[in-house]
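Below is the file upload.txt, which contains compact mmCIF, C-alpha atoms.
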```
# COMPACT_ATOMS: atom_id res chain seq x y z
CA MET A 1 28.30 -37.50 -21.45
CA PRO A 2 24.95 -38.17 -19.80
CA SER A 3 23.73 -41.73 -19.97
CA LEU A 4 20.55 -42.78 -21.72
CA LYS A 5 18.77 -43.01 -18.40
CA ASP A 6 19.81 -39.47 -17.46
CA LEU A 7 18.48 -38.16 -20.73
CA ARG A 8 15.22 -39.97 -20.30
CA ASN A 9 14.84 -38.49 -16.84
CA ARG A 10 15.56 -35.02 -18.07
CA ILE A 11 13.08 -35.30 -20.91
CA SER A 12 10.34 -36.41 -18.57
CA SER A 13 11.11 -33.64 -16.09
CA VAL A 14 11.03 -30.98 -18.81
CA LYS A 15 7.76 -32.44 -20.04
CA ALA A 16 6.30 -32.13 -16.56
CA THR A 17 7.45 -28.51 -16.36
CA GLN A 18 5.91 -27.82 -19.71
CA LYS A 19 2.60 -29.18 -18.52
CA ILE A 20 2.70 -26.86 -15.54
CA THR A 21 3.58 -23.75 -17.53
CA LYS A 22 0.91 -24.61 -20.07
CA ALA A 23 -1.68 -24.93 -17.33
CA MET A 24 -0.56 -21.65 -15.75
CA GLN A 25 -0.87 -19.93 -19.09
CA MET A 26 -4.43 -21.12 -19.53
CA VAL A 27 -5.38 -20.14 -16.00
CA ALA A 28 -3.86 -16.70 -16.56
CA ALA A 29 -5.81 -16.31 -19.80
CA ALA A 30 -9.08 -17.06 -18.03
CA LYS A 31 -8.25 -14.74 -15.15
CA LEU A 32 -7.13 -12.04 -17.52
CA ARG A 33 -10.52 -11.97 -19.15
CA ARG A 34 -12.21 -11.54 -15.81
CA ALA A 35 -9.74 -8.88 -14.68
CA GLN A 36 -10.20 -6.99 -17.91
CA GLU A 37 -13.96 -7.08 -17.54
CA SER A 38 -13.86 -5.71 -14.03
CA ALA A 39 -11.39 -3.02 -15.07
CA GLU A 40 -13.79 -1.98 -17.81
CA ALA A 41 -16.77 -2.09 -15.47
CA ALA A 42 -15.02 0.27 -13.09
CA ARG A 43 -14.19 2.79 -15.76
CA PRO A 44 -17.52 4.71 -15.90
CA TYR A 45 -17.35 5.44 -12.19
CA SER A 46 -13.88 6.95 -12.26
CA GLN A 47 -14.69 8.95 -15.38
CA ARG A 48 -17.83 10.45 -13.87
CA MET A 49 -15.94 11.04 -10.69
CA SER A 50 -13.24 13.08 -12.35
CA ALA A 51 -15.81 15.04 -14.38
CA VAL A 52 -17.73 15.94 -11.24
CA LEU A 53 -14.55 16.74 -9.41
CA ALA A 54 -13.42 19.08 -12.16
CA ASN A 55 -16.81 20.77 -12.06
CA LEU A 56 -16.67 21.22 -8.35
CA SER A 57 -13.13 22.43 -8.07
CA ALA A 58 -13.93 25.11 -10.63
CA SER A 59 -16.65 26.49 -8.41
CA VAL A 60 -14.91 26.27 -5.04
CA ASP A 61 -12.33 28.83 -4.04
CA SER A 62 -8.95 27.31 -3.50
CA GLU A 63 -8.94 28.64 0.05
CA ASP A 64 -12.00 26.64 0.97
CA ALA A 65 -10.77 23.48 -0.66
CA PRO A 66 -9.61 20.68 1.62
CA ALA A 67 -5.88 20.18 2.11
CA LEU A 68 -5.99 16.89 0.23
CA MET A 69 -6.87 18.89 -2.84
CA THR A 70 -4.40 21.74 -2.61
CA GLY A 71 -1.58 20.02 -0.76
CA THR A 72 0.31 21.29 2.23
CA GLY A 73 2.12 23.93 0.25
CA ARG A 74 5.38 22.04 0.62
CA GLU A 75 6.96 19.30 -1.40
CA ASP A 76 9.53 18.03 1.05
CA THR A 77 8.30 14.58 1.90
CA HIS A 78 7.15 12.20 -0.78
CA LEU A 79 5.20 9.04 -0.28
CA LEU A 80 5.59 6.45 -3.01
CA ILE A 81 2.84 3.86 -3.04
CA CYS A 82 4.16 0.85 -4.87
CA CYS A 83 1.41 -1.54 -5.98
CA THR A 84 2.60 -4.96 -7.09
CA ALA A 85 1.34 -8.51 -7.24
CA GLU A 86 1.37 -11.15 -4.56
CA ARG A 87 2.88 -13.80 -6.80
CA GLY A 88 5.85 -14.12 -9.04
CA LEU A 89 6.28 -16.01 -12.29
CA CYS A 90 4.82 -13.20 -14.34
CA GLY A 91 7.74 -11.98 -16.37
CA GLY A 92 9.01 -8.50 -15.68
CA PHE A 93 5.75 -7.29 -14.18
CA ASN A 94 6.80 -6.85 -10.55
CA SER A 95 10.35 -5.87 -11.24
CA SER A 96 9.41 -3.15 -13.73
CA ILE A 97 7.10 -1.45 -11.24
CA ALA A 98 9.73 -1.78 -8.53
CA LYS A 99 12.36 -0.43 -10.89
CA LYS A 100 10.28 2.64 -11.69
CA THR A 101 9.66 3.23 -7.99
CA ARG A 102 13.35 2.81 -7.25
CA GLU A 103 14.43 5.23 -9.97
CA ASP A 104 12.00 7.89 -8.80
CA ALA A 105 12.96 7.37 -5.18
CA ARG A 106 16.65 7.80 -6.07
CA ALA A 107 15.90 10.92 -8.11
CA LEU A 108 13.89 12.46 -5.28
CA GLN A 109 16.54 11.61 -2.75
CA GLY A 110 19.07 13.18 -5.08
CA GLU A 111 17.07 16.40 -4.91
CA GLY A 112 17.30 16.29 -1.14
CA LYS A 113 13.69 15.28 -0.49
CA THR A 114 12.60 12.80 2.10
CA VAL A 115 11.14 9.68 0.58
CA LYS A 116 8.84 7.19 2.24
CA ILE A 117 7.56 4.03 0.62
CA LEU A 118 4.32 2.18 1.17
CA CYS A 119 4.21 -1.26 -0.40
CA VAL A 120 0.97 -2.82 -1.51
CA GLY A 121 1.53 -6.46 -2.37
CA LYS A 122 4.30 -8.77 -1.32
CA LYS A 123 6.56 -8.84 -4.35
CA GLY A 124 7.29 -5.15 -4.46
CA TYR A 125 8.23 -5.25 -0.81
CA ASP A 126 10.58 -8.18 -1.41
CA ILE A 127 12.40 -6.30 -4.13
CA LEU A 128 12.49 -2.88 -2.53
CA ARG A 129 13.44 -3.89 0.99
CA ARG A 130 16.97 -4.77 -0.10
CA GLU A 131 17.70 -1.13 -0.80
CA PHE A 132 15.10 0.85 1.05
CA ALA A 133 14.43 -1.22 4.16
CA ASP A 134 14.70 1.83 6.40
CA ILE A 135 12.27 4.06 4.50
CA ILE A 136 9.51 1.54 3.86
CA ILE A 137 6.96 2.73 6.38
CA ASP A 138 4.38 0.04 5.87
CA ARG A 139 3.25 -2.80 3.72
CA ILE A 140 -0.23 -3.88 2.92
CA ASP A 141 -0.82 -7.52 2.26
CA MET A 142 -3.27 -8.44 -0.46
CA ARG A 143 -2.73 -12.15 -0.07
CA GLU A 144 -6.19 -12.82 1.26
CA VAL A 145 -7.84 -10.88 -1.52
CA LYS A 146 -8.94 -12.96 -4.49
CA ASN A 147 -10.83 -10.37 -6.48
CA VAL A 148 -10.01 -6.78 -5.76
CA GLY A 149 -13.10 -5.07 -4.36
CA PHE A 150 -13.68 -1.42 -3.73
CA ALA A 151 -13.56 -2.07 0.00
CA ASP A 152 -9.90 -3.15 -0.29
CA ALA A 153 -8.97 -0.02 -2.18
CA ASP A 154 -10.96 2.07 0.27
CA ALA A 155 -9.01 0.61 3.18
CA ILE A 156 -5.73 1.59 1.53
CA GLY A 157 -7.13 5.02 0.68
CA LYS A 158 -8.17 5.61 4.29
CA ARG A 159 -4.72 4.56 5.46
CA VAL A 160 -3.06 7.00 3.09
CA ILE A 161 -5.37 9.83 4.10
CA ALA A 162 -4.75 9.12 7.79
CA LEU A 163 -1.01 9.34 7.13
CA PHE A 164 -1.54 12.60 5.29
CA GLU A 165 -3.52 14.06 8.15
CA GLU A 166 -0.76 13.11 10.57
CA GLY A 167 1.52 15.15 8.36
CA ALA A 168 3.63 12.15 7.39
CA PHE A 169 4.05 13.37 3.82
CA ASP A 170 3.25 16.22 1.41
CA VAL A 171 2.99 14.50 -1.93
CA ALA A 172 1.78 10.99 -2.72
CA THR A 173 2.48 9.15 -5.92
CA LEU A 174 0.89 5.88 -6.89
CA TYR A 175 2.93 3.33 -8.85
CA TYR A 176 1.19 0.65 -10.83
CA SER A 177 1.27 -0.99 -14.20
CA GLU A 178 -1.06 0.28 -16.85
CA PHE A 179 -2.65 -2.42 -18.97
CA LYS A 180 -2.19 -1.59 -22.64
CA SER A 181 -2.49 -5.06 -24.09
CA VAL A 182 -1.54 -8.62 -23.30
CA ILE A 183 2.01 -8.06 -24.45
CA SER A 184 2.48 -4.52 -23.25
CA GLN A 185 2.11 -3.21 -19.70
CA ILE A 186 3.60 0.11 -18.85
CA PRO A 187 4.70 0.95 -15.31
CA LYS A 188 3.31 4.33 -14.37
CA GLY A 189 3.60 6.84 -11.59
CA GLN A 190 0.52 8.91 -10.86
CA ARG A 191 0.29 11.73 -8.36
CA ILE A 192 -2.82 11.40 -6.20
CA ILE A 193 -2.18 13.91 -3.41
CA PRO A 194 -2.52 16.86 -3.87
CA ALA A 195 -5.44 16.10 -6.13
CA ALA A 196 -5.64 19.55 -7.68
CA ASP A 197 -3.22 18.70 -10.51
CA ALA A 198 -5.31 15.73 -11.51
CA ALA A 199 -8.53 17.72 -11.57
CA GLU A 200 -7.09 20.48 -13.69
CA GLU A 201 -6.43 18.11 -16.53
CA ALA A 202 -10.10 17.30 -16.93
CA GLU A 203 -12.32 19.52 -19.01
CA THR A 204 -14.35 22.00 -17.04
CA GLY A 205 -17.89 22.33 -18.30
CA SER A 206 -20.67 24.66 -17.32
CA SER A 207 -20.44 24.75 -13.57
CA SER A 208 -21.60 28.00 -12.09
CA ILE A 209 -25.30 27.27 -12.18
CA TYR A 210 -25.20 24.20 -9.99
CA GLU A 211 -27.12 23.98 -6.78
CA TYR A 212 -25.19 22.24 -4.07
CA GLU A 213 -26.58 20.28 -1.22
CA PRO A 214 -25.38 20.72 1.53
CA ASP A 215 -22.82 23.09 -0.08
CA ALA A 216 -19.97 22.92 -2.54
CA SER A 217 -17.08 22.75 -0.12
CA ALA A 218 -18.82 20.11 2.01
CA ILE A 219 -19.34 17.97 -1.07
CA LEU A 220 -15.76 18.48 -2.07
CA GLU A 221 -14.60 17.43 1.35
CA ASP A 222 -16.57 14.25 0.99
CA LEU A 223 -15.54 13.68 -2.57
CA VAL A 224 -11.80 14.18 -2.53
CA PRO A 225 -11.01 11.32 -0.13
CA ARG A 226 -13.35 9.11 -2.10
CA ASN A 227 -11.59 10.07 -5.28
CA ILE A 228 -8.31 8.89 -3.81
CA SER A 229 -9.83 5.51 -3.04
CA VAL A 230 -11.22 5.38 -6.57
CA GLN A 231 -7.81 6.11 -8.05
CA ILE A 232 -6.25 3.39 -5.95
CA PHE A 233 -9.03 1.02 -6.91
CA ARG A 234 -8.45 1.73 -10.57
CA ALA A 235 -4.71 1.19 -10.16
CA LEU A 236 -5.31 -2.13 -8.45
CA LEU A 237 -7.62 -3.28 -11.21
CA GLU A 238 -5.18 -2.22 -13.91
CA ASN A 239 -2.51 -4.06 -11.98
CA ALA A 240 -4.59 -7.21 -11.76
CA ALA A 241 -5.15 -7.21 -15.52
CA SER A 242 -1.49 -6.42 -16.22
CA GLU A 243 -0.30 -9.16 -13.91
CA GLN A 244 -2.36 -11.80 -15.66
CA GLY A 245 -1.35 -10.47 -19.07
CA ALA A 246 2.33 -10.55 -18.13
CA ARG A 247 1.98 -14.02 -16.67
CA MET A 248 0.25 -15.28 -19.76
CA THR A 249 3.05 -14.02 -22.01
CA ALA A 250 5.75 -15.30 -19.69
CA MET A 251 4.18 -18.73 -19.45
CA ASP A 252 3.65 -18.88 -23.18
CA ASN A 253 7.36 -18.27 -23.66
CA ALA A 254 8.22 -20.83 -21.02
CA THR A 255 6.03 -23.44 -22.69
CA ARG A 256 7.68 -22.77 -26.02
CA ASN A 257 11.17 -22.94 -24.52
CA ALA A 258 10.32 -26.22 -22.86
CA GLY A 259 9.14 -27.55 -26.23
CA GLU A 260 12.44 -26.60 -27.84
CA MET A 261 14.36 -28.17 -25.02
CA ILE A 262 12.41 -31.42 -25.35
CA ASP A 263 13.18 -31.51 -29.06
CA LYS A 264 16.88 -31.04 -28.45
CA LEU A 265 17.00 -33.60 -25.69
CA THR A 266 15.06 -36.12 -27.76
CA LEU A 267 17.49 -35.64 -30.62
CA SER A 268 20.53 -36.30 -28.49
CA TYR A 269 18.73 -39.17 -26.80
CA ASN A 270 18.05 -40.82 -30.16
CA ARG A 271 21.56 -40.15 -31.36
CA GLN A 272 23.04 -41.75 -28.31
CA ARG A 273 20.74 -44.73 -28.55
CA GLN A 274 21.84 -45.20 -32.17
CA ALA A 275 25.48 -44.91 -31.15
CA GLN A 276 24.99 -47.54 -28.51
CA ILE A 277 23.32 -49.94 -30.94
CA THR A 278 26.14 -49.42 -33.41
CA LYS A 279 28.69 -50.03 -30.68
CA GLU A 280 27.01 -53.25 -29.62
CA LEU A 281 26.85 -54.43 -33.24
CA ILE A 282 30.55 -53.73 -33.73
CA GLU A 283 31.31 -55.68 -30.58
CA ILE A 284 29.29 -58.68 -31.79
CA ILE A 285 30.75 -58.61 -35.28
CA SER A 286 34.34 -58.21 -34.16
CA GLY A 287 33.77 -60.95 -31.59
CA ALA A 288 32.46 -63.27 -34.32
CA GLU A 289 35.42 -62.41 -36.58
CA ALA A 290 37.91 -63.25 -33.85
CA LEU A 291 36.63 -66.78 -33.65
CA MET B 292 -46.73 10.34 -20.40
CA ALA B 293 -44.05 12.08 -18.42
CA GLU B 294 -40.93 13.29 -20.10
CA GLY B 295 -37.96 10.95 -19.87
CA PHE B 296 -34.33 11.65 -19.11
CA ASN B 297 -31.15 9.71 -18.95
CA PHE B 298 -30.28 8.05 -15.66
CA GLU B 299 -27.15 6.20 -14.67
CA LEU B 300 -26.42 4.37 -11.48
CA VAL B 301 -22.75 3.53 -11.07
CA SER B 302 -20.87 1.85 -8.28
CA PRO B 303 -17.08 1.52 -8.32
CA GLU B 304 -17.42 -2.11 -9.33
CA ARG B 305 -19.87 -1.70 -12.18
CA LEU B 306 -22.58 0.20 -14.00
CA LEU B 307 -25.89 -0.94 -12.52
CA VAL B 308 -28.41 1.03 -14.53
CA SER B 309 -28.23 3.10 -17.65
CA ALA B 310 -31.71 3.84 -18.92
CA GLN B 311 -34.32 6.40 -19.88
CA VAL B 312 -36.37 7.14 -16.81
CA THR B 313 -39.19 9.45 -15.85
CA GLU B 314 -38.58 9.72 -12.16
CA VAL B 315 -35.85 9.00 -9.64
CA VAL B 316 -36.10 9.36 -5.89
CA VAL B 317 -32.72 9.71 -4.22
CA PRO B 318 -31.73 9.76 -0.54
CA GLY B 319 -30.04 13.17 -0.37
CA MET B 320 -28.00 14.26 2.63
CA ASN B 321 -30.74 16.70 3.62
CA GLY B 322 -33.60 14.33 2.90
CA TYR B 323 -35.08 12.38 0.05
CA PHE B 324 -35.83 14.27 -3.14
CA THR B 325 -37.35 13.39 -6.47
CA VAL B 326 -35.67 14.14 -9.76
CA LEU B 327 -37.86 14.68 -12.82
CA ALA B 328 -36.84 15.78 -16.29
CA ASN B 329 -35.54 19.36 -16.54
CA HIS B 330 -34.52 19.43 -12.93
CA ALA B 331 -32.26 22.32 -11.96
CA PRO B 332 -28.59 21.31 -11.97
CA THR B 333 -27.90 19.94 -8.53
CA MET B 334 -25.16 18.11 -6.83
CA SER B 335 -25.73 16.39 -3.56
CA THR B 336 -24.08 13.89 -1.31
CA LEU B 337 -26.19 10.92 -0.33
CA GLN B 338 -26.96 9.13 2.87
CA PRO B 339 -27.58 5.39 3.03
CA GLY B 340 -31.08 4.75 1.81
CA VAL B 341 -33.24 3.49 -0.99
CA ALA B 342 -33.28 5.03 -4.46
CA GLU B 343 -36.41 4.46 -6.49
CA VAL B 344 -36.16 4.48 -10.25
CA THR B 345 -39.15 4.59 -12.60
CA GLU B 346 -38.27 3.83 -16.18
CA THR B 347 -40.12 5.28 -19.16
CA SER B 348 -41.69 1.87 -19.70
CA GLY B 349 -43.31 2.27 -16.28
CA LYS B 350 -41.14 -0.37 -14.69
CA ALA B 351 -40.06 0.64 -11.19
CA GLU B 352 -36.99 -0.61 -9.41
CA LYS B 353 -35.53 -0.01 -5.99
CA PHE B 354 -31.87 0.12 -5.11
CA VAL B 355 -30.16 0.26 -1.77
CA ILE B 356 -27.44 2.89 -1.75
CA PHE B 357 -24.69 3.17 0.83
CA GLY B 358 -23.46 6.73 0.56
CA GLY B 359 -22.21 8.46 -2.54
CA PHE B 360 -23.35 11.48 -4.46
CA VAL B 361 -25.65 12.46 -7.26
CA ASP B 362 -25.10 14.83 -10.16
CA VAL B 363 -28.30 16.18 -11.71
CA THR B 364 -28.50 18.22 -14.90
CA PRO B 365 -31.67 19.10 -16.83
CA GLU B 366 -31.12 16.26 -19.27
CA SER B 367 -29.49 13.61 -17.14
CA CYS B 368 -28.96 12.26 -13.66
CA THR B 369 -25.89 10.35 -12.56
CA LEU B 370 -25.83 8.58 -9.25
CA LEU B 371 -22.38 7.58 -8.05
CA ALA B 372 -22.86 5.20 -5.17
CA GLU B 373 -20.12 3.98 -2.92
CA SER B 374 -21.89 0.69 -2.91
CA ALA B 375 -25.27 -0.19 -4.41
CA MET B 376 -27.49 -3.20 -4.96
CA ARG B 377 -31.04 -4.10 -5.86
CA VAL B 378 -33.36 -4.27 -2.90
CA ASP B 379 -34.19 -7.89 -3.69
CA ASP B 380 -30.52 -8.83 -3.66
CA ILE B 381 -29.75 -7.38 -0.29
CA ASP B 382 -28.37 -9.73 2.21
CA ARG B 383 -29.34 -9.37 5.86
CA GLU B 384 -25.95 -10.57 6.99
CA ASP B 385 -24.20 -7.99 4.86
CA LEU B 386 -26.30 -5.19 6.27
CA ARG B 387 -25.74 -6.42 9.78
CA GLN B 388 -22.03 -6.51 9.13
CA ARG B 389 -22.12 -2.91 7.97
CA ILE B 390 -24.00 -1.86 11.07
CA GLN B 391 -21.49 -3.74 13.19
CA ASP B 392 -18.64 -1.93 11.40
CA ALA B 393 -20.36 1.41 11.92
CA ARG B 394 -20.67 0.66 15.64
CA GLU B 395 -16.98 -0.12 15.84
CA ASP B 396 -16.17 3.07 13.96
CA LEU B 397 -18.24 4.98 16.49
CA GLU B 398 -16.31 3.43 19.35
CA ASP B 399 -12.99 4.19 17.69
CA ALA B 400 -13.92 7.76 16.80
CA GLY B 401 -11.36 10.06 18.35
CA ASP B 402 -12.77 13.56 18.38
CA GLU B 403 -16.24 15.00 18.67
CA GLN B 404 -16.60 15.65 14.97
CA ALA B 405 -15.75 12.11 13.94
CA ARG B 406 -18.10 10.78 16.58
CA THR B 407 -21.00 12.87 15.34
CA LYS B 408 -20.34 11.66 11.82
CA ALA B 409 -20.09 8.00 12.82
CA GLN B 410 -23.23 8.28 14.96
CA GLY B 411 -25.12 9.83 12.07
CA TYR B 412 -24.04 7.08 9.72
CA LEU B 413 -25.02 4.39 12.20
CA ASP B 414 -28.45 5.95 12.70
CA GLN B 415 -29.03 6.09 8.97
CA LEU B 416 -28.06 2.44 8.64
CA THR B 417 -30.36 1.27 11.39
CA THR B 418 -33.23 3.28 9.93
CA LEU B 419 -32.49 1.67 6.60
CA GLU B 420 -32.50 -1.78 8.12
CA LYS B 421 -35.88 -1.21 9.68
CA ALA B 422 -37.27 0.17 6.47
CA ILE B 423 -36.26 -2.60 4.12
CA LEU B 424 -36.14 -5.61 6.35
CA PRO B 425 -39.40 -5.89 8.23
CA ALA B 426 -38.71 -8.22 11.13
```

What is this structure when it is put down as structure tokens?
Amino acid sequence: MPSLKDLRNRISSVKATQKITKAMQMVAAAKLRRAQESAEAARPYSQRMSAVLANLSASVDSEDAPALMTGTGREDTHLLICCTAERGLCGGFNSSIAKKTREDARALQGEGKTVKILCVGKKGYDILRREFADIIIDRIDMREVKNVGFADADAIGKRVIALFEEGAFDVATLYYSEFKSVISQIPKGQRIIPAADAAEEAETGSSSIYEYEPDASAILEDLVPRNISVQIFRALLENAASEQGARMTAMDNATRNAGEMIDKLTLSYNRQRQAQITKELIEIISGAEAL
Amino acid sequence: MAEGFNFELVSPERLLVSAQVTEVVVPGMNGYFTVLANHAPTMSTLQPGVAEVTETSGKAEKFVIFGGFVDVTPESCTLLAESAMRVDDIDREDLRQRIQDAREDLEDAGDEQARTKAQGYLDQLTTLEKAILPA
């Protein structure tokens, strides 16, 4: 049975924790709004980009298209790019992305393919290295980055393209968490190389009458790498919004749990205090009676 | 009054302009060109330079563009810039940094093709610096 002092200590420590989780929740809410705004601001660019890309790929022969677009013709080596957060305490956010990556990696390995993993963000690396330490080829730290800028995504994109040109992999898939709402974030895998699959999904409009400067395949060559950076950028922004959303929910729950715990502890504290008063009274009374 | 058309300037971070305009001058890969309403459908990559936008109200604005591409149709013009900002907002330090980066890229360039590309980019940047930042 804990003493009164122990209970008091516990209550005050839970109260302190509650204050922290409450503060984290509010910070996450503020950051979420900003992250959501920047994710929305980036949307027009990626939409236009895919429209233009669809237009272009319709008018360029597949033989002229760059390898990034059509792939290497093989599907032996897969690169999984796992984008996670730098910080924990955000519910199942990091682990659900890592889980999805892990499942797909296992499935691909089961099919006899070679799998390589590129980790963006610290948490995904921490989770995945336990199982896949030998196939994680690189990790990119985003610790220094406060607000994700296009330059950050571009750096990752260039890295991926350089790997592709070295022939390090045939297919690249990007793993991130899609932001549906504050309470729902869905881990997603999206194939970014070869890009042809992605472009086919988009509607092809009137394309044949375009004039190209310098020429269609040159534009495509310029555009496809940029598109990869844009996709990564979008994933990072979605991730940023999802992370804050997940953290907000997690911290809200934590605050509520702490509240319940305080109530319970206060109840048993009061009960014990009462018991002690009663005990002392009995001692006094029985002492007086003995006289 | 000249006929207006829809113009959008988008960078990955945000939508900078979405307005009815009468005239846009863009820094195409093969030289500057002007887009008016009912322009033939064109798609072009861009070099670093200044895009000049004249809105239907007659208000003119200038934007610095660092690479990207433009998609022109008879009724609209969409400029997707890798990075863009208003000329007034440009920061000398930022531009210098970019030139510095371009120089480093040039030094790192492995083969002839990459070197030519990096050199071209650097030249465009220095021209741009001279044009918008009179010493």

Practice item. Find the residues of chain B in contact range of chain A, meaning any atom within 12 Å when counting only C-alpha atoms, and list them as a VMD selection string. Key: chain B and resid 299 to 309 318 to 324 330 to 338 358 to 365 368 to 375 389 408

Practice item. Considering only C-alpha atoms, state which residue in the set B:Leu386, B:Ile356, B:Met376, B:Ala342 is at the smallest distance from Thr417 in chain B. Key: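 Residue with the minimum atom-to-atom distance to Thr417 in chain B: B:Leu386.
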
Check your understanding: For Met261 in chain A, which residue among A:Arg129, A:Arg106, A:Lys15, A:Lys113 is the nearest when counting all atoms listed in the file?
Key ->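 Ranked by minimum distance to Met261 in chain A, first place goes to A:Lys15.
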
Check your understanding: If we count all atoms listed in the file, what is near Val27 in chain A at a cut-off of 12 Å, once residues fewer than 4 positions away on the same chain are taken out, given as a list in words?
Key -> Ile20, Thr21, Lys22, Ala23, Lys31, Leu32, Arg33, Arg34, Gln244, Gly245, Arg247, Met248, Met251 and Asp252 of chain A

Revision key, fill the gap. In Å and to one decimal, CA of Glu144 in chain A is distant from CA of Glu86 in chain A by 9.7 Å

Point to revise | Residue contacts of Arg256 in chain A (12 Å, only C-alpha atoms) excluding same-chain residues fewer than 6 positions away, as a PyMOL selection string | key: chain A and resi 14-15+17-19+21-22+25+249-250+262-263

Practice item. Could you please determine the separation between CA of Tyr175 in chain A and CA of Ile97 in chain A in Å, to one decimal place? Key: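 That distance, rounded to one decimal, is 6.8 Å.
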
Practice item. Determine, counting all atoms listed in the file, which protein, DNA and RNA residues have an atom within 8 Å of an atom of Phe93 in chain A; residues of the same chain fewer than 6 positions away are not included. Present the result as a ChimeraX atom specification. Key: /A:177,185,242-243,246

Can I get the selected residues back with C-alpha atoms, as a PDB file, keeping the file's coordinate frame?
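Result file follows (selection33.pdb):
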```
ATOM      1  CA  SER A 177       1.270  -0.990 -14.200  1.00  0.00           C
ATOM      2  CA  GLN A 185       2.110  -3.210 -19.700  1.00  0.00           C
ATOM      3  CA  SER A 242      -1.490  -6.420 -16.220  1.00  0.00           C
ATOM      4  CA  GLU A 243      -0.300  -9.160 -13.910  1.00  0.00           C
ATOM      5  CA  ALA A 246       2.330 -10.550 -18.130  1.00  0.00           C
TER       6      ALA A 246
END
```

Exercise for review: Considering all atoms listed in the file, return as a ChimeraX atom specification whatever protein or nucleic-acid residues lie within 10 Å of Asp138 in chain A, sequence-local ones (same chain, fewer than 6 positions apart) excluded.
Suggested key: /A:81,116-120,125

Exercise for review: Kindly give the distance, in Å, that separates CA of Gly401 in chain B and CA of Leu174 in chain A, rounded to a single decimal.
Suggested key: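 Distance between the two atoms: 28.4 Å.
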
Point to revise | Counting all atoms listed in the file, the option among B:Glu352, B:Glu366, B:Asp382, B:Glu346 closest to Asn297 in chain B | key: B:Glu366

Range 110-121 of chain A: axis-aligned bounding box, 8 Å on each side, centre and edge lengths in Å, one decimal, as JSON:
```
{"center_x": 10.0, "center_y": 5.0, "center_z": -1.4, "size_x": 34.1, "size_y": 38.9, "size_z": 23.3}
```
